[in-house]
>>> print(open('target_21.cif').read())   # mmCIF, C-alpha atoms and all ligand atoms
data_protein
#
loop_
_atom_site.group_PDB
_atom_site.id
_atom_site.type_symbol
_atom_site.label_atom_id
_atom_site.label_comp_id
_atom_site.auth_asym_id
_atom_site.auth_seq_id
_atom_site.Cartn_x
_atom_site.Cartn_y
_atom_site.Cartn_z
ATOM 1 C CA MET A 1 119.287 -64.818 -0.657
ATOM 2 C CA THR A 2 116.752 -66.919 -2.560
ATOM 3 C CA THR A 3 112.997 -66.530 -2.579
ATOM 4 C CA LEU A 4 110.252 -69.001 -3.458
ATOM 5 C CA ARG A 5 107.120 -67.760 -5.208
ATOM 6 C CA ALA A 6 104.297 -68.900 -7.450
ATOM 7 C CA ALA A 7 105.229 -68.854 -11.123
ATOM 8 C CA ARG A 8 103.867 -66.316 -13.608
ATOM 9 C CA ALA A 9 103.143 -66.879 -17.284
ATOM 10 C CA ASP A 10 105.990 -64.517 -18.194
ATOM 11 C CA ASP A 11 108.531 -66.758 -16.419
ATOM 12 C CA TYR A 12 108.439 -68.976 -19.499
ATOM 13 C CA ASP A 13 111.192 -67.182 -21.408
ATOM 14 C CA ALA A 14 113.715 -67.376 -18.564
ATOM 15 C CA ILE A 15 112.950 -71.092 -18.086
ATOM 16 C CA ALA A 16 113.068 -71.873 -21.811
ATOM 17 C CA ALA A 17 116.462 -70.177 -22.048
ATOM 18 C CA VAL A 18 118.114 -72.574 -19.574
ATOM 19 C CA VAL A 19 116.411 -75.974 -19.641
ATOM 20 C CA ASP A 20 118.538 -77.612 -22.338
ATOM 21 C CA ALA A 21 121.721 -76.551 -20.501
ATOM 22 C CA TRP A 22 120.387 -77.604 -17.081
ATOM 23 C CA TRP A 23 119.318 -81.048 -18.437
ATOM 24 C CA GLU A 24 122.429 -81.341 -20.677
ATOM 25 C CA ARG A 25 120.162 -82.528 -23.520
ATOM 26 C CA PRO A 26 117.321 -81.071 -25.614
ATOM 27 C CA VAL A 27 114.204 -81.062 -23.438
ATOM 28 C CA LEU A 28 112.583 -77.747 -24.401
ATOM 29 C CA LYS A 29 110.223 -79.517 -26.795
ATOM 30 C CA ILE A 30 108.523 -81.213 -23.830
ATOM 31 C CA LEU A 31 108.122 -77.912 -21.970
ATOM 32 C CA PRO A 32 106.050 -75.769 -24.353
ATOM 33 C CA ARG A 33 104.740 -72.354 -23.331
ATOM 34 C CA LEU A 34 101.299 -73.764 -22.538
ATOM 35 C CA PHE A 35 102.609 -75.094 -19.212
ATOM 36 C CA LEU A 36 103.387 -71.595 -17.946
ATOM 37 C CA ASP A 37 100.373 -69.984 -19.624
ATOM 38 C CA HIS A 38 97.915 -72.395 -18.024
ATOM 39 C CA PHE A 39 99.623 -73.880 -14.948
ATOM 40 C CA HIS A 40 101.595 -70.927 -13.565
ATOM 41 C CA PRO A 41 99.476 -70.497 -10.401
ATOM 42 C CA THR A 42 100.283 -74.057 -9.283
ATOM 43 C CA SER A 43 103.952 -73.974 -10.352
ATOM 44 C CA LEU A 44 106.889 -72.600 -8.370
ATOM 45 C CA ILE A 45 109.965 -70.455 -8.955
ATOM 46 C CA VAL A 46 113.107 -70.067 -6.817
ATOM 47 C CA GLU A 47 115.153 -66.997 -7.655
ATOM 48 C CA ALA A 48 118.052 -65.019 -6.233
ATOM 49 C CA ALA A 49 118.003 -61.256 -5.912
ATOM 50 C CA GLY A 50 119.631 -59.545 -8.874
ATOM 51 C CA HIS A 51 122.747 -57.407 -8.664
ATOM 52 C CA GLY A 52 123.717 -54.264 -10.538
ATOM 53 C CA ALA A 53 121.677 -51.506 -12.106
ATOM 54 C CA ASP A 54 118.905 -53.644 -13.607
ATOM 55 C CA SER A 55 118.619 -55.984 -10.568
ATOM 56 C CA VAL A 56 116.943 -58.711 -12.629
ATOM 57 C CA PRO A 57 116.395 -61.736 -10.345
ATOM 58 C CA GLU A 58 118.364 -64.842 -11.301
ATOM 59 C CA LEU A 59 116.428 -68.085 -11.850
ATOM 60 C CA ARG A 60 117.758 -70.783 -9.501
ATOM 61 C CA GLY A 61 115.028 -73.393 -9.781
ATOM 62 C CA PHE A 62 111.490 -74.109 -10.902
ATOM 63 C CA LEU A 63 108.758 -76.727 -10.599
ATOM 64 C CA ILE A 64 105.923 -77.150 -13.092
ATOM 65 C CA GLY A 65 103.043 -78.963 -11.408
ATOM 66 C CA PHE A 66 99.276 -79.021 -11.191
ATOM 67 C CA PRO A 67 96.338 -80.775 -9.530
ATOM 68 C CA SER A 68 95.034 -83.523 -11.803
ATOM 69 C CA VAL A 69 91.753 -82.657 -13.494
ATOM 70 C CA GLY A 70 90.868 -86.302 -14.158
ATOM 71 C CA GLU A 71 92.087 -87.863 -10.878
ATOM 72 C CA PRO A 72 90.778 -85.850 -7.900
ATOM 73 C CA ASP A 73 93.157 -87.467 -5.390
ATOM 74 C CA GLN A 74 96.303 -86.750 -7.401
ATOM 75 C CA ALA A 75 98.708 -83.948 -8.270
ATOM 76 C CA TYR A 76 101.353 -84.192 -10.988
ATOM 77 C CA ILE A 77 104.848 -82.735 -11.308
ATOM 78 C CA HIS A 78 105.817 -82.335 -14.966
ATOM 79 C CA PHE A 79 109.218 -80.728 -14.549
ATOM 80 C CA VAL A 80 111.623 -79.766 -11.771
ATOM 81 C CA GLY A 81 114.974 -78.151 -12.369
ATOM 82 C CA VAL A 82 117.660 -76.544 -10.229
ATOM 83 C CA SER A 83 120.516 -74.472 -11.621
ATOM 84 C CA PRO A 84 123.709 -76.591 -11.810
ATOM 85 C CA SER A 85 125.512 -74.112 -9.527
ATOM 86 C CA SER A 86 122.765 -74.411 -6.878
ATOM 87 C CA ARG A 87 122.400 -78.214 -6.726
ATOM 88 C CA GLY A 88 122.937 -80.170 -3.549
ATOM 89 C CA GLU A 89 121.743 -77.260 -1.389
ATOM 90 C CA GLY A 90 118.203 -78.514 -0.790
ATOM 91 C CA LEU A 91 116.402 -76.383 -3.406
ATOM 92 C CA GLY A 92 114.906 -79.430 -5.141
ATOM 93 C CA ARG A 93 113.619 -80.689 -1.781
ATOM 94 C CA THR A 94 112.210 -77.231 -0.947
ATOM 95 C CA LEU A 95 110.382 -77.079 -4.294
ATOM 96 C CA TYR A 96 108.901 -80.566 -3.801
ATOM 97 C CA GLU A 97 107.893 -80.014 -0.165
ATOM 98 C CA SER A 98 106.298 -76.670 -1.071
ATOM 99 C CA PHE A 99 104.346 -78.373 -3.840
ATOM 100 C CA PHE A 100 103.270 -81.155 -1.443
ATOM 101 C CA SER A 101 101.868 -78.463 0.884
ATOM 102 C CA LEU A 102 99.948 -76.888 -1.995
ATOM 103 C CA ALA A 103 98.681 -80.315 -3.076
ATOM 104 C CA ARG A 104 97.427 -81.118 0.459
ATOM 105 C CA GLY A 105 95.562 -77.817 0.359
ATOM 106 C CA TRP A 106 93.853 -78.978 -2.855
ATOM 107 C CA GLY A 107 92.827 -82.173 -1.039
ATOM 108 C CA ARG A 108 95.294 -84.355 -2.968
ATOM 109 C CA THR A 109 96.761 -87.465 -1.368
ATOM 110 C CA THR A 110 99.191 -88.672 -4.051
ATOM 111 C CA VAL A 111 101.852 -86.952 -6.153
ATOM 112 C CA ARG A 112 103.048 -88.547 -9.385
ATOM 113 C CA SER A 113 105.833 -87.850 -11.848
ATOM 114 C CA ILE A 114 107.920 -89.661 -14.484
ATOM 115 C CA THR A 115 111.453 -89.520 -15.852
ATOM 116 C CA SER A 116 113.709 -91.181 -18.405
ATOM 117 C CA PRO A 117 115.399 -94.420 -17.227
ATOM 118 C CA PHE A 118 118.711 -92.742 -18.105
ATOM 119 C CA ASN A 119 118.153 -89.788 -15.771
ATOM 120 C CA HIS A 120 119.932 -91.371 -12.815
ATOM 121 C CA GLY A 121 120.091 -88.069 -10.925
ATOM 122 C CA SER A 122 116.321 -87.653 -11.136
ATOM 123 C CA ILE A 123 115.729 -91.253 -10.028
ATOM 124 C CA ALA A 124 118.080 -90.801 -7.045
ATOM 125 C CA PHE A 125 116.375 -87.501 -6.162
ATOM 126 C CA HIS A 126 112.908 -89.095 -6.236
ATOM 127 C CA ARG A 127 114.117 -92.025 -4.093
ATOM 128 C CA ALA A 128 115.540 -89.505 -1.599
ATOM 129 C CA MET A 129 112.134 -87.758 -1.653
ATOM 130 C CA ARG A 130 110.554 -91.147 -0.725
ATOM 131 C CA PHE A 131 108.731 -91.770 -3.995
ATOM 132 C CA THR A 132 107.971 -95.363 -4.993
ATOM 133 C CA VAL A 133 109.948 -95.962 -8.193
ATOM 134 C CA THR A 134 108.563 -98.287 -10.900
ATOM 135 C CA GLY A 135 110.089 -99.193 -14.228
ATOM 136 C CA PRO A 136 111.374 -98.929 -16.813
ATOM 137 C CA VAL A 137 107.770 -99.068 -18.052
ATOM 138 C CA ILE A 138 107.895 -100.115 -21.707
ATOM 139 C CA ASP A 139 105.878 -98.056 -24.261
ATOM 140 C CA TYR A 140 104.695 -95.719 -21.463
ATOM 141 C CA ASN A 141 104.431 -92.715 -23.781
ATOM 142 C CA GLY A 142 103.830 -94.706 -26.951
ATOM 143 C CA PRO A 143 105.760 -97.276 -28.960
ATOM 144 C CA GLY A 144 109.487 -97.344 -28.350
ATOM 145 C CA THR A 145 109.407 -95.180 -25.207
ATOM 146 C CA GLU A 146 110.449 -96.160 -21.703
ATOM 147 C CA TYR A 147 109.886 -94.222 -18.511
ATOM 148 C CA MET A 148 110.381 -94.595 -14.798
ATOM 149 C CA THR A 149 107.207 -93.698 -12.890
ATOM 150 C CA PHE A 150 107.186 -92.125 -9.426
ATOM 151 C CA GLU A 151 104.410 -92.075 -6.860
ATOM 152 C CA ARG A 152 104.282 -90.767 -3.299
ATOM 153 C CA ARG A 153 101.521 -90.492 -0.712
ATOM 154 C CA ILE A 154 101.456 -87.115 1.013
ATOM 155 C CA ASP A 155 98.633 -87.738 3.487
ATOM 156 C CA THR A 156 100.262 -90.013 6.077
ATOM 157 C CA PRO A 157 101.939 -88.834 9.317
ATOM 158 C CA ALA A 158 105.350 -89.867 7.873
ATOM 159 C CA SER A 159 104.720 -87.949 4.648
ATOM 160 C CA THR A 160 105.501 -84.446 5.913
HETATM 161 C C1 LIG B 1 117.090 -83.465 -9.731
HETATM 162 C C2 LIG B 1 117.368 -82.049 -9.214
HETATM 163 C C3 LIG B 1 116.106 -81.201 -9.373
HETATM 164 C C4 LIG B 1 117.739 -82.141 -7.706
HETATM 165 O O1 LIG B 1 117.848 -80.819 -7.190
HETATM 166 P P1 LIG B 1 118.798 -80.472 -5.947
HETATM 167 O O2 LIG B 1 118.451 -79.096 -5.492
HETATM 168 O O3 LIG B 1 120.220 -80.736 -6.282
HETATM 169 O O4 LIG B 1 118.319 -81.544 -4.870
HETATM 170 P P2 LIG B 1 118.422 -81.402 -3.267
HETATM 171 O O5 LIG B 1 119.722 -80.755 -2.923
HETATM 172 O O6 LIG B 1 117.193 -80.749 -2.744
HETATM 173 O O7 LIG B 1 118.456 -82.930 -2.818
HETATM 174 C C5 LIG B 1 117.335 -83.585 -2.216
HETATM 175 C C6 LIG B 1 117.718 -85.030 -1.953
HETATM 176 O O8 LIG B 1 117.933 -85.709 -3.197
HETATM 177 C C7 LIG B 1 119.230 -86.261 -3.247
HETATM 178 N N1 LIG B 1 119.774 -86.079 -4.595
HETATM 179 C C8 LIG B 1 119.575 -85.025 -5.427
HETATM 180 N N2 LIG B 1 120.247 -85.196 -6.569
HETATM 181 C C9 LIG B 1 120.891 -86.388 -6.459
HETATM 182 C C10 LIG B 1 121.763 -87.106 -7.316
HETATM 183 N N3 LIG B 1 122.106 -86.639 -8.547
HETATM 184 N N4 LIG B 1 122.249 -88.304 -6.885
HETATM 185 C C11 LIG B 1 121.903 -88.790 -5.663
HETATM 186 N N5 LIG B 1 121.083 -88.139 -4.803
HETATM 187 C C12 LIG B 1 120.584 -86.949 -5.204
HETATM 188 C C13 LIG B 1 120.053 -85.467 -2.244
HETATM 189 O O9 LIG B 1 121.147 -86.204 -1.744
HETATM 190 C C14 LIG B 1 119.036 -85.145 -1.183
HETATM 191 O O10 LIG B 1 118.886 -86.244 -0.316
HETATM 192 P P3 LIG B 1 118.770 -86.010 1.290
HETATM 193 O O11 LIG B 1 117.813 -84.862 1.490
HETATM 194 O O12 LIG B 1 118.247 -87.328 1.793
HETATM 195 O O13 LIG B 1 120.149 -85.681 1.735
HETATM 196 C C15 LIG B 1 118.566 -81.392 -9.954
HETATM 197 O O14 LIG B 1 119.675 -82.252 -9.932
HETATM 198 C C16 LIG B 1 118.284 -81.060 -11.421
HETATM 199 O O15 LIG B 1 117.780 -79.976 -11.739
HETATM 200 N N6 LIG B 1 118.643 -81.968 -12.379
HETATM 201 C C17 LIG B 1 118.484 -81.715 -13.813
HETATM 202 C C18 LIG B 1 117.035 -81.673 -14.206
HETATM 203 C C19 LIG B 1 116.299 -82.988 -13.937
HETATM 204 O O16 LIG B 1 116.763 -84.060 -14.284
HETATM 205 N N7 LIG B 1 115.102 -82.869 -13.290
HETATM 206 C C20 LIG B 1 114.307 -84.026 -12.864
HETATM 207 C C21 LIG B 1 113.458 -84.624 -13.949
HETATM 208 S S1 LIG B 1 112.104 -83.551 -14.494
#
>>> encode(input="target_21.cif", output="C-alpha cells")
Amino acid sequence: MTTLRAARADDYDAIAAVVDAWWERPVLKILPRLFLDHFHPTSLIVEAAGHGADSVPELRGFLIGFPSVGEPDQAYIHFVGVSPSSRGEGLGRTLYESFFSLARGWGRTTVRSITSPFNHGSIAFHRAMRFTVTGPVIDYNGPGTEYMTFERRIDTPAST
C-alpha cells in the first residue's frame, strides 16, 4: 500500500540517494538540499509501508513544487520522480493532480515546469497531463542551454 503525504525537510537524504539512478544521469546537482529545507510543505512524497524489523517506508515517488513568489497566478514544479519499479501505475499522475489541488487552494491558475529536450519520457508525461509543450527554447537557462517549457491551466472546468 502506498501513501501520499507532504514532504519533510529530512526527506532530502532519501531523495538524494536515488535521483541519479531514477533519471539515469547525474541530476543531483540541480536538486540541492535547499529545495527540501525551504519548500517541503508544498512538496509531496509517495511511499510504501516498510517491511521487517525497522519498517522504514520505501520512497516510491516525490514532487518538488511551490507557489511562485513573483507570479501570484502561478505554481511551479521543479522535479517529479517515480521509482522505476513503480512507473506506469499512475503515481506521476497522482502526484501532479494532488499538486494541482494544492495550487488551486493557493489561488493559482497556471502550473509551469521545464525539462531537457532529450527527456522524451518527461515530455510524453507532460503531454499526457495536458500541458502545452513549447521548445526547445534556446539559451533558456543561459548560453548553450535548451529546455522544453510546460504550461497548464488548472482553473477551467476541463482542468480537473
Ligand atoms: C515522468 C515520470 C514521473 C512519470 O511517472 P509515472 O508514474 O510512470 O506516470 P503515470 O503512470 O502516472 O502516467 C501518467 C500519464 O503519462 C503517460 N506517460 C508517463 N510516462 C510516459 C512515457 N515514458 N512515455 C509515454 N507516456 C508516458 C502515461 O501513459 C499516462 O498517460 P494516461 O494517463 O493518459 O494513460 C517517471 O517516468 C519518472 O520518474 N521519470 C524519470 C524522472 C523524470 O524524467 N522526471 C520528469 C522531469 S523532472
>>> residues_around(input="target_21.cif", residues="Thr134 (chain A)", least_positions_apart="3", cutoff="12 Å", atoms="only C-alpha atoms", output="PyMOL selection string")
chain A and resi 112-117+123+126-127+131+137-138+140+146-152
>>> resolve_selection(input="target_21.cif", expression="the PyMOL selection byres (((not hetatm)) within 8 of (chain B and resi 1))", output="PDB file with C-alpha atoms, in the coordinates of the input")
ATOM      1  CA  VAL A  19     116.411 -75.974 -19.641  1.00  0.00           C
ATOM      2  CA  TRP A  22     120.387 -77.604 -17.081  1.00  0.00           C
ATOM      3  CA  TRP A  23     119.318 -81.048 -18.437  1.00  0.00           C
ATOM      4  CA  GLU A  24     122.429 -81.341 -20.677  1.00  0.00           C
ATOM      5  CA  GLY A  61     115.028 -73.393  -9.781  1.00  0.00           C
ATOM      6  CA  ILE A  77     104.848 -82.735 -11.308  1.00  0.00           C
ATOM      7  CA  HIS A  78     105.817 -82.335 -14.966  1.00  0.00           C
ATOM      8  CA  PHE A  79     109.218 -80.728 -14.549  1.00  0.00           C
ATOM      9  CA  VAL A  80     111.623 -79.766 -11.771  1.00  0.00           C
ATOM     10  CA  GLY A  81     114.974 -78.151 -12.369  1.00  0.00           C
ATOM     11  CA  VAL A  82     117.660 -76.544 -10.229  1.00  0.00           C
ATOM     12  CA  SER A  83     120.516 -74.472 -11.621  1.00  0.00           C
ATOM     13  CA  PRO A  84     123.709 -76.591 -11.810  1.00  0.00           C
ATOM     14  CA  SER A  86     122.765 -74.411  -6.878  1.00  0.00           C
ATOM     15  CA  ARG A  87     122.400 -78.214  -6.726  1.00  0.00           C
ATOM     16  CA  GLY A  88     122.937 -80.170  -3.549  1.00  0.00           C
ATOM     17  CA  GLU A  89     121.743 -77.260  -1.389  1.00  0.00           C
ATOM     18  CA  GLY A  90     118.203 -78.514  -0.790  1.00  0.00           C
ATOM     19  CA  LEU A  91     116.402 -76.383  -3.406  1.00  0.00           C
ATOM     20  CA  GLY A  92     114.906 -79.430  -5.141  1.00  0.00           C
ATOM     21  CA  ARG A  93     113.619 -80.689  -1.781  1.00  0.00           C
ATOM     22  CA  THR A  94     112.210 -77.231  -0.947  1.00  0.00           C
ATOM     23  CA  LEU A  95     110.382 -77.079  -4.294  1.00  0.00           C
ATOM     24  CA  ILE A 114     107.920 -89.661 -14.484  1.00  0.00           C
ATOM     25  CA  THR A 115     111.453 -89.520 -15.852  1.00  0.00           C
ATOM     26  CA  SER A 116     113.709 -91.181 -18.405  1.00  0.00           C
ATOM     27  CA  ASN A 119     118.153 -89.788 -15.771  1.00  0.00           C
ATOM     28  CA  HIS A 120     119.932 -91.371 -12.815  1.00  0.00           C
ATOM     29  CA  GLY A 121     120.091 -88.069 -10.925  1.00  0.00           C
ATOM     30  CA  SER A 122     116.321 -87.653 -11.136  1.00  0.00           C
ATOM     31  CA  ILE A 123     115.729 -91.253 -10.028  1.00  0.00           C
ATOM     32  CA  ALA A 124     118.080 -90.801  -7.045  1.00  0.00           C
ATOM     33  CA  PHE A 125     116.375 -87.501  -6.162  1.00  0.00           C
ATOM     34  CA  HIS A 126     112.908 -89.095  -6.236  1.00  0.00           C
ATOM     35  CA  ARG A 127     114.117 -92.025  -4.093  1.00  0.00           C
ATOM     36  CA  ALA A 128     115.540 -89.505  -1.599  1.00  0.00           C
ATOM     37  CA  MET A 129     112.134 -87.758  -1.653  1.00  0.00           C
TER      38      MET A 129
END
>>> closest_residue(input="target_21.cif", among="A:Asn141, A:Thr132, A:Thr3, A:Ser43", to="Pro67 (chain A)", atoms="all atoms listed in the file")
A:Ser43
>>> closest_residue(input="target_21.cif", among="A:Ser85, A:Gly142, A:Pro136, A:Thr110", to="Glu58 (chain A)", atoms="only C-alpha atoms")
A:Ser85
>>> resolve_selection(input="target_21.cif", expression="the PyMOL selection byres (((chain A and resi 155) around 12) and not hetatm)", output="MDAnalysis selection string")
chainID A and resid 73:74 100:101 103:111 152:154 156:160
>>> axis_aligned_box(input="target_21.cif", around="region 78-96 of chain A", padding_each_side="5 Å", output="AutoDock Vina command-line options")
--center_x 115.7 --center_y -78.2 --center_z -7.9 --size_x 29.7 --size_y 18.2 --size_z 24.2
>>> atom_distance(input="target_21.cif", atom1="CA of Ala75 (chain A)", atom2="CA of Ile30 (chain A)")
18.6 Å
>>> atom_distance(input="target_21.cif", atom1="CA of Met1 (chain A)", atom2="CA of Phe99 (chain A)")
20.4 Å
>>> closest_residue(input="target_21.cif", among="A:Pro26, A:Pro32, A:Pro41, A:Gly50", to="Ala7 (chain A)", atoms="all atoms listed in the file")
A:Pro41
>>> closest_residue(input="target_21.cif", among="A:Leu102, A:Val56, A:Leu44, A:Ile64", to="Ala6 (chain A)", atoms="only C-alpha atoms")
A:Leu44
>>> atom_distance(input="target_21.cif", atom1="CA of His40 (chain A)", atom2="CA of Arg8 (chain A)")
5.1 Å
>>> residues_around(input="target_21.cif", residues="Asp10 (chain A)", least_positions_apart="6", cutoff="12 Å", atoms="all atoms listed in the file", output="VMD selection string")
chain A and resid 16 33 to 41 45
>>> closest_residue(input="target_21.cif", among="A:Arg5, A:Gly65, A:Asp54, A:Ile15", to="Val27 (chain A)", atoms="only C-alpha atoms")
A:Ile15
>>> closest_residue(input="target_21.cif", among="A:Ala21, A:Val133, A:Ala9, A:Ala14", to="Glu47 (chain A)", atoms="all atoms listed in the file")
A:Ala14
